[in-house]
$ cat protein_22.pdb   # PDB, C-alpha atoms
ATOM      1  CA  MET A   1      -1.956 154.990 157.296  1.00  0.00           C
ATOM      2  CA  ALA A   2      -2.986 151.464 158.177  1.00  0.00           C
ATOM      3  CA  ARG A   3      -1.228 148.860 160.228  1.00  0.00           C
ATOM      4  CA  VAL A   4      -1.111 145.571 158.319  1.00  0.00           C
ATOM      5  CA  LEU A   5      -0.842 142.263 160.181  1.00  0.00           C
ATOM      6  CA  LEU A   6      -0.144 138.921 158.528  1.00  0.00           C
ATOM      7  CA  PHE A   7      -0.731 135.539 160.160  1.00  0.00           C
ATOM      8  CA  GLY A   8       0.293 131.935 159.585  1.00  0.00           C
ATOM      9  CA  ARG A   9       1.739 131.022 156.211  1.00  0.00           C
ATOM     10  CA  LEU A  10       1.127 134.542 154.874  1.00  0.00           C
ATOM     11  CA  ALA A  11       3.647 135.993 157.347  1.00  0.00           C
ATOM     12  CA  ASP A  12       6.157 133.282 156.435  1.00  0.00           C
ATOM     13  CA  GLN A  13       5.716 134.003 152.742  1.00  0.00           C
ATOM     14  CA  ALA A  14       6.053 137.775 153.161  1.00  0.00           C
ATOM     15  CA  GLY A  15       8.953 137.615 155.586  1.00  0.00           C
ATOM     16  CA  TRP A  16       7.179 140.158 157.824  1.00  0.00           C
ATOM     17  CA  ARG A  17       4.078 140.164 159.999  1.00  0.00           C
ATOM     18  CA  ASP A  18       3.508 143.789 160.971  1.00  0.00           C
ATOM     19  CA  ARG A  19       3.919 146.821 158.725  1.00  0.00           C
ATOM     20  CA  VAL A  20       2.495 150.334 158.332  1.00  0.00           C
ATOM     21  CA  VAL A  21       1.136 151.100 154.850  1.00  0.00           C
ATOM     22  CA  GLU A  22      -0.210 154.344 153.393  1.00  0.00           C
ATOM     23  CA  ALA A  23      -3.709 153.501 152.169  1.00  0.00           C
ATOM     24  CA  VAL A  24      -7.246 154.893 152.361  1.00  0.00           C
ATOM     25  CA  SER A  25      -9.053 151.709 151.361  1.00  0.00           C
ATOM     26  CA  LEU A  26      -8.506 147.981 151.214  1.00  0.00           C
ATOM     27  CA  ALA A  27      -8.136 148.243 147.428  1.00  0.00           C
ATOM     28  CA  SER A  28      -5.397 150.854 147.669  1.00  0.00           C
ATOM     29  CA  LEU A  29      -3.714 148.839 150.403  1.00  0.00           C
ATOM     30  CA  ARG A  30      -3.695 145.756 148.159  1.00  0.00           C
ATOM     31  CA  ASP A  31      -2.228 147.889 145.353  1.00  0.00           C
ATOM     32  CA  VAL A  32       0.596 149.140 147.577  1.00  0.00           C
ATOM     33  CA  LEU A  33       1.383 145.596 148.739  1.00  0.00           C
ATOM     34  CA  ALA A  34       1.219 144.272 145.147  1.00  0.00           C
ATOM     35  CA  ALA A  35       3.714 146.888 143.941  1.00  0.00           C
ATOM     36  CA  ALA A  36       6.194 145.693 146.578  1.00  0.00           C
ATOM     37  CA  ASP A  37       5.498 141.948 146.346  1.00  0.00           C
ATOM     38  CA  PRO A  38       3.163 140.688 143.590  1.00  0.00           C
ATOM     39  CA  SER A  39       3.169 137.059 144.749  1.00  0.00           C
ATOM     40  CA  LEU A  40       2.238 138.111 148.282  1.00  0.00           C
ATOM     41  CA  ALA A  41      -0.655 140.195 146.936  1.00  0.00           C
ATOM     42  CA  GLU A  42      -1.838 137.126 145.039  1.00  0.00           C
ATOM     43  CA  ALA A  43      -1.670 135.009 148.203  1.00  0.00           C
ATOM     44  CA  LEU A  44      -3.610 137.664 150.150  1.00  0.00           C
ATOM     45  CA  SER A  45      -6.448 137.297 147.618  1.00  0.00           C
ATOM     46  CA  GLY A  46      -6.208 133.518 147.610  1.00  0.00           C
ATOM     47  CA  PRO A  47      -8.891 131.003 148.583  1.00  0.00           C
ATOM     48  CA  GLY A  48      -9.886 130.985 152.220  1.00  0.00           C
ATOM     49  CA  VAL A  49      -8.008 134.159 153.159  1.00  0.00           C
ATOM     50  CA  GLN A  50     -10.211 136.437 155.268  1.00  0.00           C
ATOM     51  CA  VAL A  51      -9.636 140.105 156.033  1.00  0.00           C
ATOM     52  CA  ALA A  52     -10.342 141.768 159.363  1.00  0.00           C
ATOM     53  CA  VAL A  53     -10.438 145.542 159.779  1.00  0.00           C
ATOM     54  CA  ASP A  54     -10.066 146.596 163.398  1.00  0.00           C
ATOM     55  CA  LYS A  55     -10.621 142.960 164.413  1.00  0.00           C
ATOM     56  CA  ALA A  56     -13.944 142.545 162.553  1.00  0.00           C
ATOM     57  CA  ILE A  57     -14.159 140.355 159.442  1.00  0.00           C
ATOM     58  CA  VAL A  58     -15.023 142.339 156.301  1.00  0.00           C
ATOM     59  CA  ARG A  59     -15.972 140.961 152.914  1.00  0.00           C
ATOM     60  CA  GLY A  60     -15.098 142.844 149.744  1.00  0.00           C
ATOM     61  CA  GLU A  61     -14.061 146.487 149.695  1.00  0.00           C
ATOM     62  CA  ALA A  62     -13.832 148.749 152.751  1.00  0.00           C
ATOM     63  CA  PRO A  63     -12.579 152.265 153.426  1.00  0.00           C
ATOM     64  CA  LEU A  64      -9.801 152.554 155.983  1.00  0.00           C
ATOM     65  CA  ALA A  65      -9.817 155.220 158.684  1.00  0.00           C
ATOM     66  CA  ALA A  66      -6.509 156.631 159.837  1.00  0.00           C
ATOM     67  CA  GLY A  67      -4.840 154.134 162.138  1.00  0.00           C
ATOM     68  CA  SER A  68      -6.960 151.173 161.012  1.00  0.00           C
ATOM     69  CA  GLU A  69      -5.599 147.713 161.678  1.00  0.00           C
ATOM     70  CA  VAL A  70      -5.932 145.350 158.723  1.00  0.00           C
ATOM     71  CA  ALA A  71      -5.283 141.658 159.317  1.00  0.00           C
ATOM     72  CA  PHE A  72      -5.004 138.999 156.601  1.00  0.00           C
ATOM     73  CA  LEU A  73      -6.078 135.653 158.033  1.00  0.00           C
ATOM     74  CA  PRO A  74      -5.300 132.403 156.194  1.00  0.00           C
ATOM     75  CA  PRO A  75      -7.603 129.415 156.818  1.00  0.00           C
ATOM     76  CA  MET A  76      -7.756 128.851 160.554  1.00  0.00           C
ATOM     77  CA  SER A  77      -6.445 125.587 161.890  1.00  0.00           C
ATOM     78  CA  GLY A  78      -8.216 125.421 165.210  1.00  0.00           C
ATOM     79  CA  GLY A  79      -6.226 124.897 168.366  1.00  0.00           C
TER
ATOM     80  CA  MET B   1     -15.433 133.691 191.776  1.00  0.00           C
ATOM     81  CA  THR B   2     -16.809 135.841 188.960  1.00  0.00           C
ATOM     82  CA  THR B   3     -13.738 138.070 189.131  1.00  0.00           C
ATOM     83  CA  LEU B   4     -11.576 135.307 187.618  1.00  0.00           C
ATOM     84  CA  PRO B   5     -11.069 135.497 183.846  1.00  0.00           C
ATOM     85  CA  SER B   6     -13.131 133.049 181.780  1.00  0.00           C
ATOM     86  CA  ILE B   7     -10.724 132.894 178.848  1.00  0.00           C
ATOM     87  CA  THR B   8      -6.952 133.097 178.849  1.00  0.00           C
ATOM     88  CA  LEU B   9      -4.457 132.791 176.014  1.00  0.00           C
ATOM     89  CA  THR B  10      -0.991 132.233 177.397  1.00  0.00           C
ATOM     90  CA  ALA B  11       2.527 131.615 176.123  1.00  0.00           C
ATOM     91  CA  GLN B  12       3.437 130.045 179.477  1.00  0.00           C
ATOM     92  CA  ALA B  13       3.025 126.374 180.391  1.00  0.00           C
ATOM     93  CA  PHE B  14       0.116 125.862 182.787  1.00  0.00           C
ATOM     94  CA  GLU B  15      -0.873 123.261 185.352  1.00  0.00           C
ATOM     95  CA  PRO B  16      -4.362 121.879 184.586  1.00  0.00           C
ATOM     96  CA  GLY B  17      -4.978 120.485 188.073  1.00  0.00           C
ATOM     97  CA  ALA B  18      -4.543 123.885 189.678  1.00  0.00           C
ATOM     98  CA  LEU B  19      -6.994 125.417 187.184  1.00  0.00           C
ATOM     99  CA  LEU B  20      -9.577 122.739 187.959  1.00  0.00           C
ATOM    100  CA  THR B  21      -9.176 123.175 191.713  1.00  0.00           C
ATOM    101  CA  THR B  22      -9.723 126.918 191.391  1.00  0.00           C
ATOM    102  CA  PHE B  23     -12.687 126.416 189.067  1.00  0.00           C
ATOM    103  CA  CYS B  24     -14.393 124.030 191.489  1.00  0.00           C
ATOM    104  CA  ALA B  25     -13.860 126.184 194.574  1.00  0.00           C
ATOM    105  CA  GLY B  26     -16.657 128.042 196.302  1.00  0.00           C
ATOM    106  CA  ARG B  27     -19.647 126.494 194.571  1.00  0.00           C
ATOM    107  CA  ASP B  28     -22.835 125.466 196.276  1.00  0.00           C
ATOM    108  CA  GLU B  29     -25.328 125.300 193.386  1.00  0.00           C
ATOM    109  CA  THR B  30     -23.142 123.559 190.808  1.00  0.00           C
ATOM    110  CA  GLY B  31     -23.768 119.822 190.742  1.00  0.00           C
ATOM    111  CA  ALA B  32     -21.362 118.997 187.942  1.00  0.00           C
ATOM    112  CA  VAL B  33     -18.031 120.161 186.627  1.00  0.00           C
ATOM    113  CA  ALA B  34     -16.633 118.546 183.467  1.00  0.00           C
ATOM    114  CA  SER B  35     -13.145 119.250 182.223  1.00  0.00           C
ATOM    115  CA  PHE B  36     -10.908 118.400 179.302  1.00  0.00           C
ATOM    116  CA  VAL B  37      -7.153 118.766 178.902  1.00  0.00           C
ATOM    117  CA  GLY B  38      -5.522 118.543 175.481  1.00  0.00           C
ATOM    118  CA  LEU B  39      -1.838 117.634 175.389  1.00  0.00           C
ATOM    119  CA  ALA B  40       0.692 118.075 172.594  1.00  0.00           C
ATOM    120  CA  ARG B  41       1.541 114.712 171.027  1.00  0.00           C
ATOM    121  CA  ALA B  42       4.999 113.774 169.810  1.00  0.00           C
ATOM    122  CA  GLU B  43       3.492 111.862 166.819  1.00  0.00           C
ATOM    123  CA  ARG B  44       6.279 109.237 167.138  1.00  0.00           C
ATOM    124  CA  GLY B  45       8.916 111.898 166.739  1.00  0.00           C
ATOM    125  CA  GLN B  46       7.309 113.538 163.712  1.00  0.00           C
ATOM    126  CA  ALA B  47       6.378 116.667 165.662  1.00  0.00           C
ATOM    127  CA  ARG B  48       9.044 117.979 167.978  1.00  0.00           C
ATOM    128  CA  VAL B  49       7.430 121.272 168.741  1.00  0.00           C
ATOM    129  CA  LEU B  50       3.991 122.633 167.999  1.00  0.00           C
ATOM    130  CA  GLU B  51       3.611 126.351 167.407  1.00  0.00           C
ATOM    131  CA  LEU B  52       0.248 128.052 167.756  1.00  0.00           C
ATOM    132  CA  GLU B  53      -0.307 131.581 166.596  1.00  0.00           C
ATOM    133  CA  ALA B  54      -3.282 133.646 167.762  1.00  0.00           C
ATOM    134  CA  TYR B  55      -4.463 137.158 166.914  1.00  0.00           C
ATOM    135  CA  PRO B  56      -4.754 138.810 170.330  1.00  0.00           C
ATOM    136  CA  GLY B  57      -8.029 140.668 170.712  1.00  0.00           C
ATOM    137  CA  PHE B  58      -9.560 138.702 167.827  1.00  0.00           C
ATOM    138  CA  THR B  59      -8.931 135.093 168.819  1.00  0.00           C
ATOM    139  CA  ASP B  60      -9.988 135.619 172.451  1.00  0.00           C
ATOM    140  CA  ALA B  61     -13.059 137.601 171.357  1.00  0.00           C
ATOM    141  CA  ALA B  62     -14.101 134.798 168.984  1.00  0.00           C
ATOM    142  CA  ILE B  63     -13.665 132.202 171.740  1.00  0.00           C
ATOM    143  CA  ALA B  64     -15.651 134.356 174.171  1.00  0.00           C
ATOM    144  CA  ASP B  65     -18.443 134.790 171.656  1.00  0.00           C
ATOM    145  CA  PHE B  66     -18.674 131.045 171.053  1.00  0.00           C
ATOM    146  CA  ALA B  67     -18.376 130.159 174.737  1.00  0.00           C
ATOM    147  CA  GLU B  68     -21.283 132.468 175.556  1.00  0.00           C
ATOM    148  CA  GLN B  69     -23.358 130.605 172.961  1.00  0.00           C
ATOM    149  CA  ALA B  70     -22.393 127.336 174.653  1.00  0.00           C
ATOM    150  CA  LYS B  71     -23.316 128.768 178.038  1.00  0.00           C
ATOM    151  CA  ALA B  72     -26.791 129.687 176.793  1.00  0.00           C
ATOM    152  CA  ARG B  73     -27.295 126.460 174.827  1.00  0.00           C
ATOM    153  CA  PHE B  74     -26.422 124.145 177.726  1.00  0.00           C
ATOM    154  CA  GLY B  75     -27.503 126.357 180.621  1.00  0.00           C
ATOM    155  CA  LEU B  76     -24.009 126.492 182.078  1.00  0.00           C
ATOM    156  CA  HIS B  77     -23.313 128.259 185.323  1.00  0.00           C
ATOM    157  CA  ASP B  78     -19.935 129.215 183.903  1.00  0.00           C
ATOM    158  CA  TYR B  79     -16.846 127.960 182.122  1.00  0.00           C
ATOM    159  CA  ARG B  80     -13.086 128.359 182.044  1.00  0.00           C
ATOM    160  CA  ILE B  81     -10.924 128.108 178.925  1.00  0.00           C
ATOM    161  CA  VAL B  82      -7.124 128.351 178.903  1.00  0.00           C
ATOM    162  CA  HIS B  83      -5.286 127.960 175.601  1.00  0.00           C
ATOM    163  CA  ARG B  84      -1.580 127.954 174.935  1.00  0.00           C
ATOM    164  CA  VAL B  85      -0.002 130.013 172.182  1.00  0.00           C
ATOM    165  CA  GLY B  86       3.580 130.051 170.976  1.00  0.00           C
ATOM    166  CA  GLN B  87       5.837 127.008 171.058  1.00  0.00           C
ATOM    167  CA  ILE B  88       4.542 123.929 172.868  1.00  0.00           C
ATOM    168  CA  ALA B  89       6.647 120.847 173.572  1.00  0.00           C
ATOM    169  CA  PRO B  90       5.236 117.277 173.425  1.00  0.00           C
ATOM    170  CA  GLY B  91       3.544 116.383 176.689  1.00  0.00           C
ATOM    171  CA  GLU B  92       2.637 119.946 177.579  1.00  0.00           C
ATOM    172  CA  ALA B  93      -0.988 120.977 177.963  1.00  0.00           C
ATOM    173  CA  ILE B  94      -2.343 122.939 175.001  1.00  0.00           C
ATOM    174  CA  VAL B  95      -5.891 123.531 176.142  1.00  0.00           C
ATOM    175  CA  PHE B  96      -7.963 123.346 179.311  1.00  0.00           C
ATOM    176  CA  VAL B  97     -11.744 123.566 179.238  1.00  0.00           C
ATOM    177  CA  ALA B  98     -13.983 123.295 182.287  1.00  0.00           C
ATOM    178  CA  THR B  99     -17.744 123.666 182.389  1.00  0.00           C
ATOM    179  CA  ALA B 100     -20.034 123.962 185.385  1.00  0.00           C
ATOM    180  CA  ALA B 101     -23.728 123.146 185.384  1.00  0.00           C
ATOM    181  CA  ALA B 102     -26.456 121.961 187.712  1.00  0.00           C
ATOM    182  CA  HIS B 103     -26.264 118.412 186.298  1.00  0.00           C
ATOM    183  CA  ARG B 104     -23.617 116.292 184.602  1.00  0.00           C
ATOM    184  CA  ARG B 105     -25.150 115.861 181.135  1.00  0.00           C
ATOM    185  CA  ALA B 106     -25.036 119.593 180.397  1.00  0.00           C
ATOM    186  CA  ALA B 107     -21.498 119.898 181.758  1.00  0.00           C
ATOM    187  CA  PHE B 108     -20.209 116.935 179.676  1.00  0.00           C
ATOM    188  CA  GLU B 109     -21.954 118.019 176.491  1.00  0.00           C
ATOM    189  CA  ALA B 110     -20.909 121.663 176.762  1.00  0.00           C
ATOM    190  CA  CYS B 111     -17.290 120.619 177.305  1.00  0.00           C
ATOM    191  CA  ASP B 112     -17.413 118.357 174.232  1.00  0.00           C
ATOM    192  CA  PHE B 113     -19.144 121.086 172.199  1.00  0.00           C
ATOM    193  CA  LEU B 114     -16.533 123.685 173.153  1.00  0.00           C
ATOM    194  CA  MET B 115     -13.641 121.349 172.344  1.00  0.00           C
ATOM    195  CA  ASP B 116     -15.028 120.397 168.928  1.00  0.00           C
ATOM    196  CA  TRP B 117     -15.249 124.066 168.036  1.00  0.00           C
ATOM    197  CA  LEU B 118     -11.864 124.966 169.508  1.00  0.00           C
ATOM    198  CA  LYS B 119     -10.186 122.122 167.592  1.00  0.00           C
ATOM    199  CA  SER B 120     -11.680 122.924 164.221  1.00  0.00           C
ATOM    200  CA  ARG B 121     -12.874 126.513 164.008  1.00  0.00           C
ATOM    201  CA  ALA B 122     -11.114 128.669 166.579  1.00  0.00           C
ATOM    202  CA  PRO B 123      -8.892 131.327 165.014  1.00  0.00           C
ATOM    203  CA  PHE B 124      -5.466 129.820 165.538  1.00  0.00           C
ATOM    204  CA  TRP B 125      -2.747 129.000 163.051  1.00  0.00           C
ATOM    205  CA  LYS B 126      -0.802 125.877 163.806  1.00  0.00           C
ATOM    206  CA  LYS B 127       2.663 124.887 162.696  1.00  0.00           C
ATOM    207  CA  GLU B 128       4.538 121.665 163.368  1.00  0.00           C
ATOM    208  CA  HIS B 129       8.304 121.758 163.690  1.00  0.00           C
ATOM    209  CA  GLY B 130       9.500 118.210 162.952  1.00  0.00           C
ATOM    210  CA  PRO B 131      12.612 116.376 161.807  1.00  0.00           C
ATOM    211  CA  ASP B 132      11.932 117.297 158.164  1.00  0.00           C
ATOM    212  CA  GLY B 133      11.374 120.996 158.796  1.00  0.00           C
ATOM    213  CA  GLU B 134       8.203 122.901 159.520  1.00  0.00           C
ATOM    214  CA  ARG B 135       4.711 122.846 158.063  1.00  0.00           C
ATOM    215  CA  TRP B 136       1.449 124.688 158.627  1.00  0.00           C
ATOM    216  CA  ILE B 137      -1.438 122.378 159.409  1.00  0.00           C
ATOM    217  CA  GLU B 138      -5.166 122.725 158.801  1.00  0.00           C
ATOM    218  CA  PRO B 139      -8.055 121.028 160.607  1.00  0.00           C
ATOM    219  CA  THR B 140      -8.516 117.366 159.745  1.00  0.00           C
ATOM    220  CA  ALA B 141     -11.675 116.022 158.123  1.00  0.00           C
ATOM    221  CA  ARG B 142     -12.374 114.315 161.456  1.00  0.00           C
ATOM    222  CA  ASP B 143     -12.136 117.639 163.320  1.00  0.00           C
ATOM    223  CA  ARG B 144     -14.630 119.145 160.877  1.00  0.00           C
ATOM    224  CA  THR B 145     -17.142 116.295 161.127  1.00  0.00           C
ATOM    225  CA  ASP B 146     -16.850 116.349 164.937  1.00  0.00           C
ATOM    226  CA  ALA B 147     -17.771 120.043 164.914  1.00  0.00           C
ATOM    227  CA  GLU B 148     -20.653 119.447 162.462  1.00  0.00           C
ATOM    228  CA  ARG B 149     -22.322 117.081 164.936  1.00  0.00           C
ATOM    229  CA  TRP B 150     -23.602 120.170 166.746  1.00  0.00           C
ATOM    230  CA  ASP B 151     -24.792 122.259 163.753  1.00  0.00           C
TER
END
$ encode --input "protein_22.pdb" --output "structure tokens"
Amino acid sequence: MARVLLFGRLADQAGWRDRVVEAVSLASLRDVLAAADPSLAEALSGPGVQVAVDKAIVRGEAPLAAGSEVAFLPPMSGG
Amino acid sequence: MTTLPSITLTAQAFEPGALLTTFCAGRDETGAVASFVGLARAERGQARVLELEAYPGFTDAAIADFAEQAKARFGLHDYRIVHRVGQIAPGEAIVFVATAAAHRRAAFEACDFLMDWLKSRAPFWKKEHGPDGERWIEPTARDRTDAERWD
């Protein structure tokens, strides 16, 4: 189980910002999200979108421990 | 003095003068304090409300990490950063930065350095609610080139 957080335009597009998903890796998490909402999955892989696992940016694939927090971060605007 | 937080993200309006007074209190080795206050602009009615989203625990950690770099780079005694999140009305303060150093040049430059980074690279997501609806906004080219002055 992973807790998925969406920020900025990604949350607006999805219509949610916080959801628990059954997944053991980032790849399986993307698959679960794609099955529910293909256009969201495409946006989550889009240019400039970064992924943080437990608040640390990861690049590429990563395993997910039970209770991991996965955040999809669109390009940051600054304050 | 060191028990006060250095970085605060808050959904509540804040009073910059009170923050500066507190920051300046009880110093006897600091020769210079520089501060900056950013206010939300109305953009001639184009932006009624600004909304800033942060990722708690991530955004504040990123700001802390960068501020510690600034502290080392400019030899600051310390700093104070307060940043609004949530909905911000025109005229309200969005950001307060204060820097303390032995001499003014370091305090001024560190304040400028911190603001350039906060405006262009800090992990916030910004939305404008205006008369024609809402839109997400990204850093301007000017924000980026301001930040690159220090690279």
$ residues_around --input "protein_22.pdb" --residues "region 24-26 of chain A" --least-positions-apart "3" --cutoff "6 Å" --atoms "all atoms listed in the file" --output "PyMOL selection string"
chain A and resi 29+61-64
$ closest_atom_pairs --input "protein_22.pdb" --of "chain B" --to "chain A" --cutoff "9 Å" --atoms "all atoms listed in the file" --output "CSV"
residue,atom,partner,partner_atom,distance
B:Leu52,CA,A:Gly79,CA,7.2
B:Glu53,CA,A:Gly8,CA,7.0
B:Ala54,CA,A:Phe7,CA,8.2
B:Tyr55,CA,A:Phe7,CA,7.9
B:Gly57,CA,A:Lys55,CA,7.2
B:Phe58,CA,A:Lys55,CA,5.6
B:His83,CA,A:Gly79,CA,7.9
B:Arg84,CA,A:Gly79,CA,8.6
B:Val85,CA,A:Gly79,CA,8.9
B:Ile94,CA,A:Gly79,CA,7.9
B:Val95,CA,A:Gly79,CA,7.9
B:Trp117,CA,A:Gly78,CA,7.7
B:Leu118,CA,A:Gly78,CA,5.7
B:Lys119,CA,A:Gly78,CA,4.5
B:Ser120,CA,A:Gly78,CA,4.4
B:Arg121,CA,A:Gly78,CA,4.9
B:Ala122,CA,A:Gly78,CA,4.6
B:Pro123,CA,A:Met76,CA,5.2
B:Phe124,CA,A:Gly78,CA,5.2
B:Trp125,CA,A:Ser77,CA,5.2
B:Lys126,CA,A:Ser77,CA,6.0
B:Lys127,CA,A:Gly8,CA,8.1
B:Arg135,CA,A:Arg9,CA,8.9
B:Trp136,CA,A:Arg9,CA,6.8
B:Ile137,CA,A:Ser77,CA,6.4
B:Glu138,CA,A:Ser77,CA,4.4
B:Pro139,CA,A:Ser77,CA,5.0
B:Thr140,CA,A:Ser77,CA,8.7
B:Asp143,CA,A:Gly78,CA,8.9
$ closest_residue --input "protein_22.pdb" --among "B:Arg48, B:Arg80, B:Lys71, B:Arg104" --to "Gly31 (chain B)" --atoms "only C-alpha atoms"
B:Arg104
$ residues_around --input "protein_22.pdb" --residues "Ala106 (chain B)" --least-positions-apart "4" --cutoff "12 Å" --atoms "only C-alpha atoms" --output "ChimeraX atom specification"
/B:30-34,70-79,98-102,110-114
$ write_last_selection --input "protein_22.pdb" --atoms "C-alpha atoms" --output "short mmCIF file (atom, residue, chain, number, x, y, z; two decimals), in the coordinates of the input"
data_model
loop_
_atom_site.label_atom_id
_atom_site.label_comp_id
_atom_site.auth_asym_id
_atom_site.auth_seq_id
_atom_site.Cartn_x
_atom_site.Cartn_y
_atom_site.Cartn_z
CA THR B 30 -23.14 123.56 190.81
CA GLY B 31 -23.77 119.82 190.74
CA ALA B 32 -21.36 119.00 187.94
CA VAL B 33 -18.03 120.16 186.63
CA ALA B 34 -16.63 118.55 183.47
CA ALA B 70 -22.39 127.34 174.65
CA LYS B 71 -23.32 128.77 178.04
CA ALA B 72 -26.79 129.69 176.79
CA ARG B 73 -27.30 126.46 174.83
CA PHE B 74 -26.42 124.14 177.73
CA GLY B 75 -27.50 126.36 180.62
CA LEU B 76 -24.01 126.49 182.08
CA HIS B 77 -23.31 128.26 185.32
CA ASP B 78 -19.93 129.22 183.90
CA TYR B 79 -16.85 127.96 182.12
CA ALA B 98 -13.98 123.30 182.29
CA THR B 99 -17.74 123.67 182.39
CA ALA B 100 -20.03 123.96 185.38
CA ALA B 101 -23.73 123.15 185.38
CA ALA B 102 -26.46 121.96 187.71
CA ALA B 110 -20.91 121.66 176.76
CA CYS B 111 -17.29 120.62 177.30
CA ASP B 112 -17.41 118.36 174.23
CA PHE B 113 -19.14 121.09 172.20
CA LEU B 114 -16.53 123.68 173.15
#
$ residues_around --input "protein_22.pdb" --residues "Ala40 (chain B)" --least-positions-apart "6" --cutoff "10 Å" --atoms "only C-alpha atoms" --output "ChimeraX atom specification"
/B:47-50,88-95
$ atom_distance --input "protein_22.pdb" --atom1 "CA of Pro131 (chain B)" --atom2 "CA of Arg44 (chain B)"
10.9 Å
$ resolve_selection --input "protein_22.pdb" --expression "the PyMOL selection byres ((chain A and resi 3) around 6)" --output "number ranges by chain"
A: 2, 4, 19-20, 69
$ decode --input "protein_22.pdb" --residues "region 60-65 of chain A" --atoms "all heavy atoms" --output "tab-separated table (two decimals), in the first residue's frame"
chain	number	residue	atom	x	y	z
A	60	GLY	N	13.47	7.61	-12.16
A	60	GLY	CA	13.31	6.26	-12.68
A	60	GLY	C	12.52	5.38	-11.73
A	60	GLY	O	11.67	5.85	-10.97
A	61	GLU	N	12.85	4.09	-11.75
A	61	GLU	CA	12.07	3.09	-11.01
A	61	GLU	C	12.50	3.06	-9.54
A	61	GLU	O	13.63	3.42	-9.21
A	61	GLU	CB	12.29	1.72	-11.68
A	61	GLU	CG	11.50	0.59	-11.11
A	61	GLU	CD	10.02	0.97	-10.90
A	61	GLU	OE1	9.39	1.54	-11.80
A	61	GLU	OE2	9.51	0.70	-9.80
A	62	ALA	N	11.57	2.66	-8.67
A	62	ALA	CA	11.91	2.51	-7.25
A	62	ALA	C	10.92	1.54	-6.62
A	62	ALA	O	9.73	1.57	-6.95
A	62	ALA	CB	11.84	3.86	-6.54
A	63	PRO	N	11.42	0.66	-5.74
A	63	PRO	CA	10.50	-0.19	-4.99
A	63	PRO	C	9.79	0.66	-3.94
A	63	PRO	O	10.28	1.71	-3.55
A	63	PRO	CB	11.42	-1.22	-4.33
A	63	PRO	CG	12.74	-0.52	-4.21
A	63	PRO	CD	12.82	0.45	-5.35
A	64	LEU	N	8.63	0.20	-3.52
A	64	LEU	CA	7.87	0.94	-2.51
A	64	LEU	C	7.69	0.06	-1.28
A	64	LEU	O	7.15	-1.04	-1.38
A	64	LEU	CB	6.50	1.35	-3.06
A	64	LEU	CG	6.52	2.29	-4.27
A	64	LEU	CD1	5.10	2.55	-4.75
A	64	LEU	CD2	7.22	3.60	-3.94
A	65	ALA	N	8.15	0.53	-0.14
A	65	ALA	CA	7.91	-0.18	1.11
A	65	ALA	C	6.45	0.04	1.52
A	65	ALA	O	5.80	0.97	1.04
A	65	ALA	CB	8.85	0.36	2.19
